[in-house]
>>> print(open('protein-v1.cif').read())   # mmCIF, C-alpha atoms and all ligand atoms
data_entry
loop_
_atom_site.label_atom_id
_atom_site.label_comp_id
_atom_site.auth_asym_id
_atom_site.auth_seq_id
_atom_site.Cartn_x
_atom_site.Cartn_y
_atom_site.Cartn_z
CA MET A 51 24.45 -5.30 13.95
CA LYS A 52 21.57 -5.11 16.41
CA THR A 53 18.35 -3.23 15.82
CA GLN A 54 14.97 -2.71 17.51
CA ALA A 55 12.14 -4.22 15.48
CA ALA A 56 8.41 -4.98 15.77
CA VAL A 57 8.02 -8.74 15.39
CA LEU A 58 4.82 -10.68 14.65
CA ARG A 59 5.02 -14.06 16.40
CA THR A 60 1.35 -15.19 16.47
CA VAL A 61 -1.12 -14.70 13.63
CA GLY A 62 -4.81 -14.07 14.23
CA LEU A 63 -4.85 -12.63 17.75
CA GLU A 64 -8.13 -11.00 18.73
CA ARG A 65 -8.67 -7.29 19.13
CA PRO A 66 -8.20 -5.03 20.96
CA TYR A 67 -4.56 -5.07 19.94
CA THR A 68 -3.76 -2.77 22.85
CA LYS A 69 -4.44 -5.85 25.04
CA THR A 70 -3.34 -8.79 22.87
CA THR A 71 -0.25 -6.95 21.52
CA PRO A 72 0.33 -8.96 18.32
CA LEU A 73 3.64 -7.15 17.73
CA SER A 74 6.48 -7.37 20.22
CA ILE A 75 9.31 -4.85 20.20
CA GLU A 76 12.50 -6.88 20.26
CA GLU A 77 16.19 -6.40 19.83
CA VAL A 78 17.15 -8.55 16.85
CA HIS A 79 20.25 -9.27 14.84
CA LEU A 80 20.57 -7.85 11.32
CA ASP A 81 23.18 -9.24 8.91
CA GLU A 82 25.28 -7.16 6.53
CA PRO A 83 23.77 -6.60 3.08
CA GLY A 84 24.62 -9.42 0.66
CA PRO A 85 25.07 -9.12 -3.13
CA GLY A 86 22.46 -6.77 -4.61
CA GLU A 87 21.25 -5.75 -1.14
CA VAL A 88 21.22 -2.46 0.73
CA LEU A 89 21.28 -1.50 4.42
CA VAL A 90 18.65 1.20 5.06
CA GLN A 91 18.21 3.24 8.24
CA LEU A 92 14.46 3.84 8.45
CA VAL A 93 13.22 7.34 9.22
CA ALA A 94 9.48 6.72 8.89
CA THR A 95 7.17 3.76 8.29
CA GLY A 96 3.41 3.92 7.78
CA LEU A 97 0.87 1.51 9.27
CA CYS A 98 -0.94 -0.11 6.33
CA HIS A 99 -3.90 -2.46 6.00
CA SER A 100 -1.58 -5.04 4.41
CA ASP A 101 0.29 -5.22 7.73
CA LEU A 102 -3.08 -5.63 9.44
CA SER A 103 -4.01 -8.41 6.98
CA THR A 104 -0.86 -10.26 8.02
CA ILE A 105 -1.59 -9.70 11.73
CA ASN A 106 -5.19 -10.95 11.47
CA GLY A 107 -4.42 -13.82 9.06
CA THR A 108 -6.20 -12.54 5.94
CA ARG A 109 -2.84 -12.72 4.16
CA PRO A 110 -1.16 -15.73 5.77
CA ARG A 111 2.63 -15.34 6.07
CA PRO A 112 5.29 -17.28 7.98
CA VAL A 113 6.30 -16.10 11.47
CA PRO A 114 8.23 -14.76 13.29
CA MET A 115 8.16 -11.89 10.83
CA VAL A 116 9.46 -8.33 11.04
CA LEU A 117 6.46 -6.43 9.64
CA GLY A 118 6.22 -3.05 7.92
CA HIS A 119 6.63 -2.07 4.27
CA GLU A 120 5.42 1.50 3.64
CA ALA A 121 8.62 3.33 4.43
CA ALA A 122 11.37 5.80 3.69
CA GLY A 123 14.92 6.03 4.95
CA ILE A 124 18.57 6.60 4.22
CA VAL A 125 21.02 4.18 2.62
CA ARG A 126 23.82 3.39 5.06
CA ALA A 127 25.72 0.62 3.23
CA VAL A 128 25.49 -1.31 -0.02
CA GLY A 129 26.39 -4.93 -0.78
CA PRO A 130 28.50 -6.13 -3.70
CA GLY A 131 27.15 -5.31 -7.16
CA VAL A 132 24.69 -2.59 -6.12
CA GLN A 133 24.72 0.01 -8.89
CA THR A 134 21.84 2.45 -8.48
CA VAL A 135 22.19 3.77 -4.93
CA VAL A 136 25.07 4.87 -2.70
CA PRO A 137 25.30 5.57 1.04
CA ASP A 138 23.40 8.71 2.17
CA ASP A 139 20.85 8.43 -0.65
CA HIS A 140 17.28 9.01 0.50
CA VAL A 141 15.01 6.18 -0.61
CA VAL A 142 11.37 5.06 -0.57
CA LEU A 143 10.65 1.34 -0.20
CA SER A 144 8.03 -0.37 -2.33
CA LEU A 145 6.09 -3.56 -1.72
CA VAL A 146 7.45 -5.88 -4.39
CA PRO A 147 11.19 -6.24 -5.00
CA ALA A 148 11.86 -6.13 -8.73
CA CYS A 149 14.50 -8.44 -10.18
CA GLY A 150 14.64 -6.39 -13.39
CA ARG A 151 15.10 -9.49 -15.54
CA CYS A 152 11.89 -11.58 -15.54
CA VAL A 153 9.21 -11.11 -18.21
CA PRO A 154 6.91 -8.90 -16.08
CA CYS A 155 9.88 -6.70 -15.11
CA GLN A 156 11.00 -6.52 -18.72
CA THR A 157 7.52 -5.57 -19.92
CA GLY A 158 6.87 -2.72 -17.51
CA ARG A 159 5.00 -4.66 -14.81
CA PRO A 160 7.46 -4.96 -11.90
CA MET A 161 4.62 -5.34 -9.35
CA LEU A 162 4.22 -8.82 -10.87
CA CYS A 163 7.96 -9.64 -10.69
CA GLU A 164 8.03 -13.44 -10.49
CA PRO A 165 11.04 -13.91 -8.19
CA GLY A 166 9.86 -10.86 -6.21
CA VAL A 167 6.38 -12.25 -5.53
CA ARG A 168 7.83 -15.71 -4.74
CA ALA A 169 10.21 -14.13 -2.21
CA ASN A 170 7.38 -12.08 -0.66
CA ASN A 171 5.25 -15.22 -0.23
CA ALA A 172 8.19 -17.09 1.29
CA GLY A 173 9.11 -14.17 3.58
CA THR A 174 12.65 -13.86 2.25
CA LEU A 175 14.65 -11.33 0.27
CA ILE A 176 14.68 -11.83 -3.48
CA GLY A 177 17.76 -14.05 -3.42
CA GLY A 178 16.20 -16.25 -0.71
CA ALA A 179 18.20 -14.73 2.14
CA HIS A 180 17.04 -14.11 5.71
CA ARG A 181 18.92 -11.12 7.17
CA PHE A 182 17.01 -10.87 10.48
CA HIS A 183 17.63 -13.33 13.30
CA GLY A 184 16.58 -13.50 16.92
CA LEU A 185 19.39 -13.00 19.41
CA ASN A 186 19.14 -16.78 20.03
CA GLY A 187 19.81 -17.37 16.32
CA GLU A 188 16.23 -18.14 15.24
CA VAL A 189 15.35 -17.29 11.63
CA MET A 190 13.00 -14.34 11.12
CA TYR A 191 10.98 -13.67 7.99
CA HIS A 192 10.92 -10.52 5.87
CA HIS A 193 7.64 -8.71 5.15
CA LEU A 194 7.21 -7.78 1.48
CA GLY A 195 10.98 -7.57 1.15
CA ALA A 196 10.92 -4.50 3.39
CA SER A 197 10.51 -5.31 7.12
CA ALA A 198 10.42 -1.63 7.90
CA PHE A 199 9.09 -1.61 11.48
CA SER A 200 12.74 -1.66 12.47
CA GLU A 201 15.38 1.00 13.00
CA TYR A 202 17.46 -0.65 10.27
CA THR A 203 16.63 -3.13 7.55
CA VAL A 204 18.34 -4.92 4.67
CA VAL A 205 16.45 -4.91 1.38
CA SER A 206 17.01 -5.81 -2.25
CA GLU A 207 18.17 -2.96 -4.48
CA GLY A 208 14.97 -3.66 -6.46
CA SER A 209 12.84 -2.68 -3.43
CA ILE A 210 13.99 0.94 -3.27
CA THR A 211 13.73 4.12 -5.29
CA PRO A 212 16.12 7.02 -4.67
CA ILE A 213 14.27 10.31 -4.21
CA ASP A 214 14.74 14.09 -4.10
CA ARG A 215 16.46 14.85 -0.79
CA SER A 216 14.39 17.99 -0.19
CA ILE A 217 11.19 15.97 0.44
CA PRO A 218 10.67 15.10 4.12
CA LEU A 219 11.06 11.34 4.53
CA GLU A 220 8.18 11.27 7.03
CA GLU A 221 5.86 12.30 4.22
CA ALA A 222 7.65 10.35 1.48
CA ALA A 223 7.04 7.07 3.36
CA ILE A 224 3.35 6.81 2.44
CA PHE A 225 4.15 7.18 -1.25
CA GLY A 226 5.66 3.67 -1.18
CA CYS A 227 2.36 1.86 -0.66
CA ALA A 228 -0.84 3.91 -0.22
CA VAL A 229 -0.05 6.56 -2.82
CA LEU A 230 1.62 4.23 -5.33
CA THR A 231 -1.35 1.85 -5.07
CA GLY A 232 -4.20 4.39 -5.03
CA ILE A 233 -3.00 6.82 -7.70
CA GLY A 234 -1.59 3.96 -9.76
CA ALA A 235 -4.98 2.21 -9.84
CA VAL A 236 -6.42 5.33 -11.50
CA VAL A 237 -3.61 6.35 -13.84
CA ASN A 238 -1.92 3.01 -14.63
CA THR A 239 -4.57 0.30 -14.26
CA ALA A 240 -7.74 2.15 -15.28
CA ARG A 241 -6.09 4.96 -17.29
CA CYS A 242 -9.05 7.23 -16.56
CA GLU A 243 -9.55 10.03 -19.06
CA PRO A 244 -10.54 13.63 -18.19
CA GLY A 245 -14.28 13.95 -17.63
CA ALA A 246 -14.80 10.26 -16.95
CA SER A 247 -16.86 9.50 -13.85
CA ALA A 248 -15.26 7.53 -11.00
CA ALA A 249 -16.63 5.84 -7.88
CA ILE A 250 -14.21 4.87 -5.10
CA PHE A 251 -15.33 2.34 -2.46
CA GLY A 252 -13.39 2.38 0.83
CA LEU A 253 -11.57 5.48 2.04
CA GLY A 254 -8.46 4.27 3.79
CA GLY A 255 -5.02 5.44 2.67
CA VAL A 256 -5.35 3.65 -0.67
CA GLY A 257 -8.94 4.72 -1.42
CA LEU A 258 -8.25 8.34 -0.51
CA SER A 259 -5.13 8.24 -2.69
CA ALA A 260 -7.40 6.99 -5.50
CA VAL A 261 -9.67 10.02 -4.87
CA ILE A 262 -6.59 12.26 -5.19
CA GLY A 263 -5.56 10.35 -8.33
CA ALA A 264 -9.03 10.70 -9.86
CA ALA A 265 -8.92 14.45 -9.23
CA LEU A 266 -5.44 14.60 -10.78
CA ALA A 267 -6.71 12.69 -13.83
CA GLY A 268 -9.59 15.14 -14.28
CA CYS A 269 -12.40 12.70 -13.47
CA TYR A 270 -15.89 14.12 -12.83
CA PRO A 271 -17.99 13.34 -10.95
CA ILE A 272 -15.81 11.64 -8.33
CA VAL A 273 -18.02 9.69 -5.92
CA ALA A 274 -16.42 8.55 -2.66
CA VAL A 275 -18.11 5.75 -0.70
CA ASP A 276 -17.49 4.70 2.92
CA VAL A 277 -19.35 3.86 6.12
CA LEU A 278 -17.63 6.60 8.16
CA GLU A 279 -18.73 10.23 7.89
CA THR A 280 -15.22 11.43 8.89
CA LYS A 281 -13.73 9.65 5.87
CA LEU A 282 -16.40 11.08 3.55
CA GLU A 283 -15.60 14.59 4.80
CA LEU A 284 -11.88 14.06 4.18
CA ALA A 285 -12.64 12.70 0.70
CA ARG A 286 -14.58 15.88 -0.13
CA GLN A 287 -11.59 17.96 0.94
CA LEU A 288 -9.29 15.84 -1.25
CA GLY A 289 -11.31 16.19 -4.45
CA ALA A 290 -14.44 14.02 -4.26
CA SER A 291 -17.34 15.92 -5.83
CA HIS A 292 -19.94 13.66 -4.19
CA THR A 293 -20.03 11.23 -1.28
CA VAL A 294 -22.30 8.30 -0.54
CA LYS A 295 -22.62 6.64 2.84
CA ALA A 296 -22.16 2.89 2.36
CA GLY A 297 -24.45 0.31 3.89
CA GLN A 298 -27.67 2.01 2.78
CA THR A 299 -30.02 -0.02 0.63
CA ASP A 300 -29.76 2.44 -2.22
CA THR A 301 -25.97 2.95 -2.36
CA ILE A 302 -25.78 1.71 -5.95
CA GLU A 303 -28.83 3.72 -6.99
CA GLN A 304 -27.32 6.88 -5.54
CA ILE A 305 -24.12 6.36 -7.53
CA ARG A 306 -26.07 5.65 -10.70
CA SER A 307 -28.07 8.81 -10.18
CA ILE A 308 -24.99 11.00 -9.53
CA THR A 309 -23.14 9.60 -12.56
CA GLY A 310 -26.13 9.54 -14.91
CA GLY A 311 -26.49 5.77 -15.20
CA GLY A 312 -23.36 4.36 -13.55
CA ALA A 313 -19.69 5.24 -13.19
CA ASP A 314 -17.28 4.89 -16.09
CA TYR A 315 -14.75 3.56 -13.58
CA SER A 316 -15.20 2.12 -10.12
CA PHE A 317 -12.51 1.15 -7.62
CA GLU A 318 -12.80 -1.30 -4.75
CA ALA A 319 -10.32 -0.41 -2.00
CA VAL A 320 -11.87 -2.32 0.91
CA GLY A 321 -10.72 -5.87 0.23
CA SER A 322 -14.20 -7.44 0.19
CA ALA A 323 -15.72 -9.54 -2.60
CA ASN A 324 -19.13 -8.25 -1.56
CA VAL A 325 -18.04 -4.63 -2.00
CA LEU A 326 -16.34 -5.56 -5.28
CA GLY A 327 -19.72 -6.83 -6.48
CA GLN A 328 -21.26 -3.47 -5.52
CA ALA A 329 -18.47 -1.60 -7.32
CA TYR A 330 -19.18 -3.68 -10.42
CA ALA A 331 -22.92 -3.01 -10.15
CA ALA A 332 -22.24 0.72 -9.84
CA THR A 333 -20.57 0.99 -13.26
CA ARG A 334 -22.37 1.89 -16.44
CA ARG A 335 -22.60 -0.37 -19.50
CA GLY A 336 -19.11 -0.41 -20.94
CA GLY A 337 -17.67 0.56 -17.56
CA THR A 338 -14.52 -0.69 -15.88
CA THR A 339 -14.27 -2.04 -12.34
CA VAL A 340 -10.83 -2.09 -10.71
CA ALA A 341 -10.16 -4.41 -7.75
CA VAL A 342 -7.52 -2.78 -5.51
CA GLY A 343 -8.20 -4.13 -2.00
CA LEU A 344 -6.94 -7.57 -0.98
CA ALA A 345 -9.88 -9.85 -0.18
CA HIS A 346 -9.50 -12.99 1.94
CA PRO A 347 -8.50 -15.93 -0.32
CA SER A 348 -11.72 -17.76 0.60
CA GLN A 349 -13.97 -15.04 -0.87
CA ASN A 350 -15.40 -15.47 -4.37
CA LEU A 351 -17.02 -12.90 -6.62
CA GLN A 352 -20.28 -13.75 -8.37
CA ILE A 353 -21.26 -11.71 -11.40
CA ALA A 354 -23.50 -12.40 -14.35
CA ALA A 355 -21.15 -13.61 -17.10
CA ILE A 356 -23.39 -12.19 -19.79
CA GLY A 357 -22.67 -8.63 -18.58
CA LEU A 358 -19.02 -8.88 -19.60
CA VAL A 359 -20.12 -9.60 -23.16
CA ALA A 360 -23.45 -7.93 -23.83
CA GLU A 361 -22.62 -4.84 -21.76
CA GLU A 362 -18.89 -4.83 -22.55
CA ARG A 363 -17.99 -4.48 -18.89
CA THR A 364 -14.38 -4.82 -17.79
CA LEU A 365 -13.09 -6.17 -14.48
CA LYS A 366 -9.40 -5.55 -13.75
CA GLY A 367 -7.07 -6.31 -10.89
CA SER A 368 -4.56 -3.71 -9.73
CA TYR A 369 -1.67 -4.83 -7.55
CA GLY A 370 0.36 -1.97 -6.10
CA GLY A 371 -1.34 0.29 -8.63
CA SER A 372 0.26 -1.57 -11.57
CA SER A 373 3.15 0.73 -10.73
CA VAL A 374 6.68 1.13 -11.97
CA PRO A 375 8.10 2.60 -8.75
CA ARG A 376 11.22 4.10 -10.29
CA ARG A 377 9.07 5.89 -12.89
CA ASP A 378 6.04 6.74 -10.73
CA LEU A 379 7.50 7.68 -7.33
CA PRO A 380 9.67 10.54 -8.65
CA ARG A 381 6.66 11.84 -10.62
CA TYR A 382 4.27 11.75 -7.67
CA LEU A 383 6.87 13.26 -5.34
CA ALA A 384 7.50 16.09 -7.82
CA LEU A 385 3.75 16.76 -7.97
CA TYR A 386 3.65 16.71 -4.18
CA LYS A 387 6.54 19.14 -3.93
CA ALA A 388 4.76 21.44 -6.38
CA GLY A 389 1.66 21.45 -4.16
CA ARG A 390 -0.41 19.40 -6.61
CA LEU A 391 -1.05 16.35 -4.39
CA PRO A 392 -2.46 16.85 -0.87
CA ILE A 393 -0.87 13.65 0.39
CA ASP A 394 0.11 15.13 3.76
CA ARG A 395 -3.64 15.29 4.56
CA LEU A 396 -3.65 11.49 4.78
CA ILE A 397 -1.35 11.56 7.81
CA SER A 398 -3.43 11.16 10.96
CA GLY A 399 -0.50 11.27 13.37
CA TYR A 400 2.95 10.08 14.36
CA LEU A 401 3.87 7.26 16.74
CA SER A 402 6.99 5.80 18.29
CA LEU A 403 7.79 2.14 17.60
CA ASP A 404 6.57 1.06 21.05
CA GLN A 405 3.11 2.55 20.35
CA ILE A 406 2.63 0.30 17.33
CA ASN A 407 -0.07 -2.00 18.76
CA SER A 408 -2.33 0.90 19.69
CA GLY A 409 -1.67 2.28 16.21
CA PHE A 410 -2.98 -0.92 14.63
CA GLU A 411 -6.02 -0.81 16.90
CA ASN A 412 -6.73 2.71 15.58
CA LEU A 413 -6.28 1.50 12.00
CA ALA A 414 -8.53 -1.53 12.53
CA ASP A 415 -11.44 0.51 13.88
CA GLY A 416 -11.17 3.14 11.13
CA ALA A 417 -10.17 5.98 13.46
CA ALA A 418 -6.96 6.68 11.56
CA VAL A 419 -6.01 6.91 7.89
CA ARG A 420 -2.22 6.87 8.00
CA GLN A 421 -0.18 6.80 11.17
CA ILE A 422 3.56 7.04 10.77
CA ILE A 423 6.17 5.48 13.02
CA ARG A 424 9.05 7.91 13.47
CA PHE A 425 12.43 6.43 14.28
CA GLY A 426 14.01 9.54 15.73
CA ASP A 427 16.70 11.79 14.34
CA PRO A 428 18.72 9.94 11.69
CA GLY A 429 21.67 12.31 12.27
ZN ZN B 1 11.33 -9.47 -12.06
ZN ZN B 2 0.76 -1.34 2.22
#
>>> encode(input="protein-v1.cif", output="structure tokens", more="lines below")
Ligand SMILES: [Zn+2]
Ligand SMILES: [Zn+2]
Amino acid sequence: MKTQAAVLRTVGLERPYTKTTPLSIEEVHLDEPGPGEVLVQLVATGLCHSDLSTINGTRPRPVPMVLGHEAAGIVRAVGPGVQTVVPDDHVVLSLVPACGRCVPCQTGRPMLCEPGVRANNAGTLIGGAHRFHGLNGEVMYHHLGASAFSEYTVVSEGSITPIDRSIPLEEAAIFGCAVLTGIGAVVNTARCEPGASAAIFGLGGVGLSAVIGAALAGCYPIVAVDVLETKLELARQLGASHTVKAGQTDTIEQIRSITGGGADYSFEAVGSANVLGQAYAATRRGGTTVAVGLAHPSQNLQIAAIGLVAEERTLKGSYGGSSVPRRDLPRYLALYKAGRLPIDRLISGYLSLDQINSGFENLADGAAVRQIIRFGDPG
């Protein structure tokens, strides 16, 4: 079949993206789903910093690539052997396809799925397939097994979670990356306990979801840190008890003062080794620092090794919120439906596919939290 898709052909173009237009809207060819694969008609796809990291080269990936991964849609066809979804199911996509059989998958850590991560790095589906091609036959790469800036996509069965049909797909989309990652960092990676103090650095979709997760977990105080006053205001509305403007000389001191000596848990959701160092410095003795943002591969973190021992500090990585999507997504969506998670407040606006470059410009300059591409009435 043919489908309209946003294709990245050149990595590292300068801003403003409204002028350099890193993504081109193209008609491309999409193959039928193969064994274990599913054809999904997208309804909504969020613009995420991981897409931006691919556009600007922080996360180098092969091109031409159909970007987009934070998405929800409707199953339209299934390939041979697919057992857990049928046509017309509503599904949320997640950022690592899970094979279900490797050791990480078998031990409750599907975000570390070995064939899944290999496929994501190679820009293929989990079996190695390329289902997108240019109309001239050129091979196109898949983004995080999803390639959801497209009216239709083919994904592995392990990339999708069927969901409650009563939840609007336009809102469900952001659960697949921002919410899974942000709440998961708090409840799965850190396992914050009620009354523990938390500091969250960087208030994009992931950081604000971590604020929501910290409120859900009963953390107090919850200190939200960002350079933008608009983000701090939103964080207060979403459950942050205190906010600290980043970039001041006494940022760490302010957090120590609010938390009575340092946070029990701190979360870095910027993707900067420098900020990760600040997050580490903002924890108390015995505290835990969780790295959530993706830093450029060239960045190194320097900390005093003695602190890990003599102060029993912990430094943990959290990829995709250490999530189990088929366990966590239905839970978070049920909480959302019950009015317990103000996730809709993260949505800054809706765009059509051809407005995608201006959307990424808004994301890059911090003007937007989550913008959602709408693909029109799925019928
Ligand atoms: Zn696996
Ligand atoms: Zn993402």
>>> closest_residue(input="protein-v1.cif", among="A:Leu219, A:Val342, A:Ile302, A:Leu92", to="ligand ZN 2 (chain B)", atoms="only C-alpha atoms and all ligand atoms")
A:Val342
>>> closest_atom_pairs(input="protein-v1.cif", of="range 205-227 of chain A", to="range 142-155 of chain A", cutoff="9 Å", atoms="all atoms listed in the file", output="Markdown table")
| residue | atom | partner | partner_atom | distance |
| --- | --- | --- | --- | --- |
| A:Val205 | CA | A:Pro147 | CA | 8.4 |
| A:Ser206 | CA | A:Pro147 | CA | 6.5 |
| A:Glu207 | CA | A:Pro147 | CA | 7.7 |
| A:Gly208 | CA | A:Ala148 | CA | 4.6 |
| A:Ser209 | CA | A:Pro147 | CA | 4.2 |
| A:Ile210 | CA | A:Leu143 | CA | 4.6 |
| A:Thr211 | CA | A:Val142 | CA | 5.4 |
| A:Pro212 | CA | A:Val142 | CA | 6.6 |
| A:Ile213 | CA | A:Val142 | CA | 7.0 |
| A:Leu219 | CA | A:Val142 | CA | 8.1 |
| A:Ala222 | CA | A:Val142 | CA | 6.8 |
| A:Ala223 | CA | A:Val142 | CA | 6.2 |
| A:Ile224 | CA | A:Val142 | CA | 8.7 |
| A:Phe225 | CA | A:Val142 | CA | 7.6 |
| A:Gly226 | CA | A:Ser144 | CA | 4.8 |
| A:Cys227 | CA | A:Ser144 | CA | 6.3 |
>>> closest_residue(input="protein-v1.cif", among="A:Pro130, A:Gly62, A:Gly177, A:Gly297", to="ligand ZN 1 (chain B)", atoms="only C-alpha atoms and all ligand atoms")
A:Gly177
>>> closest_residue(input="protein-v1.cif", among="A:Ala240, A:Ala94, A:Ala122, A:Val88", to="Thr134 in chain A", atoms="only C-alpha atoms")
A:Val88
>>> residues_near_ligand(input="protein-v1.cif", ligand="ligand ZN 2 (chain B)", cutoff="9 Å", atoms="only C-alpha atoms and all ligand atoms", output="list of chain:residue names")
A:Gly96, A:Leu97, A:Cys98, A:His99, A:Ser100, A:Asp101, A:Gly118, A:His119, A:Glu120, A:Ser144, A:Leu145, A:Ile224, A:Gly226, A:Cys227, A:Ala228, A:Thr231, A:Gly255, A:Val256, A:Gly370
>>> atom_distance(input="protein-v1.cif", atom1="CA of Ile217 in chain A", atom2="CA of Ala121 in chain A")
13.5 Å
>>> axis_aligned_box(input="protein-v1.cif", around="range 396-413 of chain A", padding_each_side="8 Å", output="lines of an AutoDock Vina configuration file")
center_x = 0.5
center_y = 4.8
center_z = 12.9
size_x = 30.5
size_y = 29.6
size_z = 32.3
>>> atom_distance(input="protein-v1.cif", atom1="CA of Thr309 in chain A", atom2="CA of Arg420 in chain A")
29.5 Å
>>> build_atoms(input="protein-v1.cif", residues="range 230-253 of chain A", atoms="N, CA and C atoms", output="PDB file, in the coordinates of the input")
ATOM      1  N   LEU A 230       1.278   5.008  -4.133  1.00  0.00           N
ATOM      2  CA  LEU A 230       1.620   4.230  -5.330  1.00  0.00           C
ATOM      3  C   LEU A 230       0.421   3.382  -5.771  1.00  0.00           C
ATOM      4  N   THR A 231      -0.235   2.752  -4.781  1.00  0.00           N
ATOM      5  CA  THR A 231      -1.350   1.850  -5.070  1.00  0.00           C
ATOM      6  C   THR A 231      -2.603   2.614  -5.503  1.00  0.00           C
ATOM      7  N   GLY A 232      -2.941   3.674  -4.766  1.00  0.00           N
ATOM      8  CA  GLY A 232      -4.200   4.390  -5.030  1.00  0.00           C
ATOM      9  C   GLY A 232      -4.141   5.211  -6.310  1.00  0.00           C
ATOM     10  N   ILE A 233      -3.105   6.017  -6.468  1.00  0.00           N
ATOM     11  CA  ILE A 233      -3.000   6.820  -7.700  1.00  0.00           C
ATOM     12  C   ILE A 233      -2.751   5.902  -8.885  1.00  0.00           C
ATOM     13  N   GLY A 234      -1.904   4.885  -8.669  1.00  0.00           N
ATOM     14  CA  GLY A 234      -1.590   3.960  -9.760  1.00  0.00           C
ATOM     15  C   GLY A 234      -2.824   3.240 -10.285  1.00  0.00           C
ATOM     16  N   ALA A 235      -3.754   2.887  -9.389  1.00  0.00           N
ATOM     17  CA  ALA A 235      -4.980   2.210  -9.840  1.00  0.00           C
ATOM     18  C   ALA A 235      -5.738   3.076 -10.836  1.00  0.00           C
ATOM     19  N   VAL A 236      -5.699   4.391 -10.616  1.00  0.00           N
ATOM     20  CA  VAL A 236      -6.420   5.330 -11.500  1.00  0.00           C
ATOM     21  C   VAL A 236      -5.647   5.586 -12.790  1.00  0.00           C
ATOM     22  N   VAL A 237      -4.343   5.890 -12.650  1.00  0.00           N
ATOM     23  CA  VAL A 237      -3.610   6.350 -13.840  1.00  0.00           C
ATOM     24  C   VAL A 237      -2.947   5.211 -14.614  1.00  0.00           C
ATOM     25  N   ASN A 238      -2.566   4.123 -13.925  1.00  0.00           N
ATOM     26  CA  ASN A 238      -1.920   3.010 -14.630  1.00  0.00           C
ATOM     27  C   ASN A 238      -2.903   1.902 -14.988  1.00  0.00           C
ATOM     28  N   THR A 239      -3.697   1.445 -14.009  1.00  0.00           N
ATOM     29  CA  THR A 239      -4.570   0.300 -14.260  1.00  0.00           C
ATOM     30  C   THR A 239      -5.793   0.727 -15.077  1.00  0.00           C
ATOM     31  N   ALA A 240      -6.520   1.736 -14.590  1.00  0.00           N
ATOM     32  CA  ALA A 240      -7.740   2.150 -15.280  1.00  0.00           C
ATOM     33  C   ALA A 240      -7.436   3.102 -16.438  1.00  0.00           C
ATOM     34  N   ARG A 241      -6.403   3.903 -16.297  1.00  0.00           N
ATOM     35  CA  ARG A 241      -6.090   4.960 -17.290  1.00  0.00           C
ATOM     36  C   ARG A 241      -7.314   5.828 -17.538  1.00  0.00           C
ATOM     37  N   CYS A 242      -7.861   6.378 -16.455  1.00  0.00           N
ATOM     38  CA  CYS A 242      -9.050   7.230 -16.560  1.00  0.00           C
ATOM     39  C   CYS A 242      -8.760   8.459 -17.417  1.00  0.00           C
ATOM     40  N   GLU A 243      -9.721   8.851 -18.239  1.00  0.00           N
ATOM     41  CA  GLU A 243      -9.550  10.030 -19.060  1.00  0.00           C
ATOM     42  C   GLU A 243     -10.293  11.216 -18.447  1.00  0.00           C
ATOM     43  N   PRO A 244      -9.872  12.453 -18.765  1.00  0.00           N
ATOM     44  CA  PRO A 244     -10.540  13.630 -18.190  1.00  0.00           C
ATOM     45  C   PRO A 244     -12.032  13.602 -18.485  1.00  0.00           C
ATOM     46  N   GLY A 245     -12.830  13.921 -17.459  1.00  0.00           N
ATOM     47  CA  GLY A 245     -14.280  13.950 -17.630  1.00  0.00           C
ATOM     48  C   GLY A 245     -14.964  12.629 -17.394  1.00  0.00           C
ATOM     49  N   ALA A 246     -14.189  11.552 -17.268  1.00  0.00           N
ATOM     50  CA  ALA A 246     -14.800  10.260 -16.950  1.00  0.00           C
ATOM     51  C   ALA A 246     -15.270  10.271 -15.501  1.00  0.00           C
ATOM     52  N   SER A 247     -16.369   9.567 -15.227  1.00  0.00           N
ATOM     53  CA  SER A 247     -16.860   9.500 -13.850  1.00  0.00           C
ATOM     54  C   SER A 247     -16.176   8.345 -13.117  1.00  0.00           C
ATOM     55  N   ALA A 248     -15.948   8.547 -11.813  1.00  0.00           N
ATOM     56  CA  ALA A 248     -15.260   7.530 -11.000  1.00  0.00           C
ATOM     57  C   ALA A 248     -15.971   7.380  -9.671  1.00  0.00           C
ATOM     58  N   ALA A 249     -16.095   6.124  -9.219  1.00  0.00           N
ATOM     59  CA  ALA A 249     -16.630   5.840  -7.880  1.00  0.00           C
ATOM     60  C   ALA A 249     -15.566   5.066  -7.117  1.00  0.00           C
ATOM     61  N   ILE A 250     -15.260   5.512  -5.899  1.00  0.00           N
ATOM     62  CA  ILE A 250     -14.210   4.870  -5.100  1.00  0.00           C
ATOM     63  C   ILE A 250     -14.831   4.334  -3.817  1.00  0.00           C
ATOM     64  N   PHE A 251     -14.746   3.022  -3.624  1.00  0.00           N
ATOM     65  CA  PHE A 251     -15.330   2.340  -2.460  1.00  0.00           C
ATOM     66  C   PHE A 251     -14.227   2.066  -1.441  1.00  0.00           C
ATOM     67  N   GLY A 252     -14.366   2.634  -0.246  1.00  0.00           N
ATOM     68  CA  GLY A 252     -13.390   2.380   0.830  1.00  0.00           C
ATOM     69  C   GLY A 252     -12.362   3.487   0.872  1.00  0.00           C
ATOM     70  N   LEU A 253     -12.382   4.273   1.976  1.00  0.00           N
ATOM     71  CA  LEU A 253     -11.570   5.480   2.040  1.00  0.00           C
ATOM     72  C   LEU A 253     -10.495   5.382   3.109  1.00  0.00           C
TER      73      LEU A 253
END
